[in-house]
Structure formats: structure tokens, C-alpha cells
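This report refers to the structure that appears directly beneath it.
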Amino acid sequence: MEALLAPRGNGSSLHAQNLVDQRVFTLLLNHEIHKATRLQYCFSILCLTPDLPPEHADPTLTTQMATVAISHLRATDLASTLPPSCVTLLLIDAEARNLPGILQRLKGALEPLPLILRGRDGRFTMSAGGGSYPQTATSGSELLRQAIDLMTQAKAGGGNQLYLPPGP
């Protein structure tokens with residue numbers, strides 16, 4: 001586990017170690033809840049999905065998104081992918097109010113990804129949802145469900161936007 005969060009010299013994450021499968025992500029999310037409760041800090045989850053119908057979302061696009069996103073985050077942050085096309089980010093010591101700025105930075109890195117729809121190039125956009133422990137959720141599963149539900153609502157609401165829960 002030590003190598004999982006090994007920082008580069010500049011403090012940014014190492015995508016190979018910080019991009020984990022869904023099972024490891026859930027384990028670390030539950031571990032983080034216990035640490036955050038004991039040490040009294042917050043963390044956030046940000047879920048991203050490309051603004052494409054699921055049948056047009058190439059599974060490799062989600063992996064590309066996760067790889068690019070984690071390379072632009074801190075060494076303490078994690079990424080995972082969830083079916084059918086969701087990137088889930090665990091952002092340590094980030095409050096809900098920080099999520100719009102984090103997403104804006106990630107959008108700049110993700111927008112150059114190539115997007116091909118029925119043989120035509122398209123503009124890459126994504127929808128996002130997020131929340132923060134303990135500000136907007138009281139458990140890891142509630143926080144993850146909240147972020148996924150808000151991401152889904154953002155996409156259904158026209159896409160290319162971030163939905164967050166109401167403030168405390």
C-alpha cells in the first residue's frame with residue numbers, strides 16, 4: 001500500500017498507483033471515512049461522465065478520462081472507473097466549495113481528448129456531480145451515491161455542468 005500514494009517530485013499523483021479498481025476504491029473510501037472522523041478533516045467525491053448516450057461511450061474513453069484526471073490531481077487523491085462510463089475521484093482535504101475550481105482545472109485537461117461520434121469529430125463535454133464528507137453526507141456509501149446521482153441529474157439537465165448538493 002505504501003507505493004499507492006507515492007508522490008512525484010512536484011507533488012502530483014502517479015496515475016498508475018492512484019488509478020485503482022472499484023473494489024480498492026470502495027475499501028479506501030471506507031477507510032478514509034474512519035480517518036476523517038478521527039482526525040476531523042473533510043474530503044470530497046467528484047464523479048464525471050462524458051456527455052454521450054451510454055451506447056456511444058467507448059469504455060476506453062472513461063479510462064482515458066481517469067488517467068488524465070489523476071495526473072492533474074494531488075498525490076493523495078484517487079481515481080476509479082464505474083460502469084457504464086463514470087470516473088470517480090476521491091479528493092482528500094477538499095470541501096464541496098472547492099469542487100467547481102477542481103472541475104474547471106480538469107476540464108481544461110480533459111477537453112482535448114478526441115471524441116468521435118459516428119465517424120465525425122465532436123466537442124468533448126462532461127457532466128459532474130459531487131459531495132463532501134461530512135458536509136453533505138454522513139457515510140462513504142451515501143457520499144458516493146450522492147455524487148453519482150447528482151452527476152446523472154447534471155447530464156439529464158442538459159450536460160456540461162456540475163451539480164452539488166445544497167450547502168449545510
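So you can find residues: chains in the C-alpha cells are A, B, ... in the order shown, residues in each start at 1, and ligands are numbered from 1 in order.
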- What's the 10 Å shell around A:Gly140, counting only C-alpha atoms, without same-chain residues fewer than 5 positions away, as a PyMOL selection string? chain A and resi 26-34+44-45+132-134+145-146
- Residues flagged strand (DSSP E) by DSSP in stretch 7-68 of chain A, as a PyMOL selection string: chain A and resi 43-50
Got time to write the residues from that selection, N, CA and C atoms, as a PDB file, in the first residue's frame?
ATOM      1  N   PHE A  43     -13.266  15.442   3.067  1.00  0.00           N
ATOM      2  CA  PHE A  43     -12.833  15.023   1.746  1.00  0.00           C
ATOM      3  C   PHE A  43     -14.061  14.995   0.849  1.00  0.00           C
ATOM      4  N   SER A  44     -13.826  14.977  -0.438  1.00  0.00           N
ATOM      5  CA  SER A  44     -14.924  15.030  -1.398  1.00  0.00           C
ATOM      6  C   SER A  44     -14.817  13.915  -2.417  1.00  0.00           C
ATOM      7  N   ILE A  45     -15.949  13.633  -3.033  1.00  0.00           N
ATOM      8  CA  ILE A  45     -16.000  12.756  -4.194  1.00  0.00           C
ATOM      9  C   ILE A  45     -16.566  13.579  -5.341  1.00  0.00           C
ATOM     10  N   LEU A  46     -15.929  13.445  -6.491  1.00  0.00           N
ATOM     11  CA  LEU A  46     -16.372  14.096  -7.715  1.00  0.00           C
ATOM     12  C   LEU A  46     -16.522  13.003  -8.762  1.00  0.00           C
ATOM     13  N   CYS A  47     -17.718  12.890  -9.349  1.00  0.00           N
ATOM     14  CA  CYS A  47     -17.981  11.897 -10.399  1.00  0.00           C
ATOM     15  C   CYS A  47     -18.155  12.619 -11.725  1.00  0.00           C
ATOM     16  N   LEU A  48     -17.523  12.095 -12.772  1.00  0.00           N
ATOM     17  CA  LEU A  48     -17.543  12.689 -14.108  1.00  0.00           C
ATOM     18  C   LEU A  48     -18.029  11.654 -15.114  1.00  0.00           C
ATOM     19  N   THR A  49     -18.783  12.107 -16.102  1.00  0.00           N
ATOM     20  CA  THR A  49     -19.189  11.229 -17.197  1.00  0.00           C
ATOM     21  C   THR A  49     -19.201  12.032 -18.494  1.00  0.00           C
ATOM     22  N   PRO A  50     -18.781  11.422 -19.600  1.00  0.00           N
ATOM     23  CA  PRO A  50     -18.862  12.134 -20.871  1.00  0.00           C
ATOM     24  C   PRO A  50     -20.321  12.340 -21.260  1.00  0.00           C
TER      25      PRO A  50
END
- Task: Please report, as a PyMOL selection string, each residue of stretch 33-148 of chain A to which DSSP assigns helix (DSSP H, G or I) when run on this structure's backbone.
- Result: chain A and resi 33-39+54-56+59-71+96-110+140-148
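Shortest atom-to-atom contact with A:Glu111 among A:Leu99, A:Leu144, A:Ile92, A:Met65: A:Met65, counting only C-alpha atoms.
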- Message: Considering only C-alpha atoms, can you say which of A:Asn98, A:Ala79, A:Asp93, A:Ser141 comes closest to A:Gln40?
- Response: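 Ranking A:Asn98, A:Ala79, A:Asp93, A:Ser141 by distance to A:Gln40, first place goes to A:Asp93.
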Could you list, as a compact mmCIF listing (two decimals) with C-alpha atoms, in the first residue's frame, every residue within 8 Å of A:Asp77, counting only C-alpha atoms and ignoring same-chain residues fewer than 6 positions away?
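Saved to result22.txt:
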# COMPACT_ATOMS: atom_id res chain seq x y z
CA SER A 13 -0.18 11.93 -8.46
CA ASN A 18 -3.60 6.35 -7.96
CA ILE A 70 -5.49 11.66 -11.86
CA LEU A 89 -12.39 10.88 -7.85
CA LEU A 90 -11.63 10.80 -4.11
CA LEU A 91 -10.23 14.21 -3.19
CA ILE A 92 -8.59 14.35 0.24
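Near stretch 102-108 of chain A, within 9 Å and counting only C-alpha atoms, sit A:Leu46, A:Val68, A:Ala69, A:His72, A:Leu73, A:Asn98, A:Pro112, A:Thr125, A:Met126, A:Ala128, A:Leu162, not including residues fewer than 4 positions from it in the same chain.
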- Query: Suppose you want the space between atom CA of A:Tyr163 and atom CA of A:Gly130; what is it in Å?
  - Reply: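 Calculated distance between atom CA of A:Tyr163 and atom CA of A:Gly130 is 6.8 Å.
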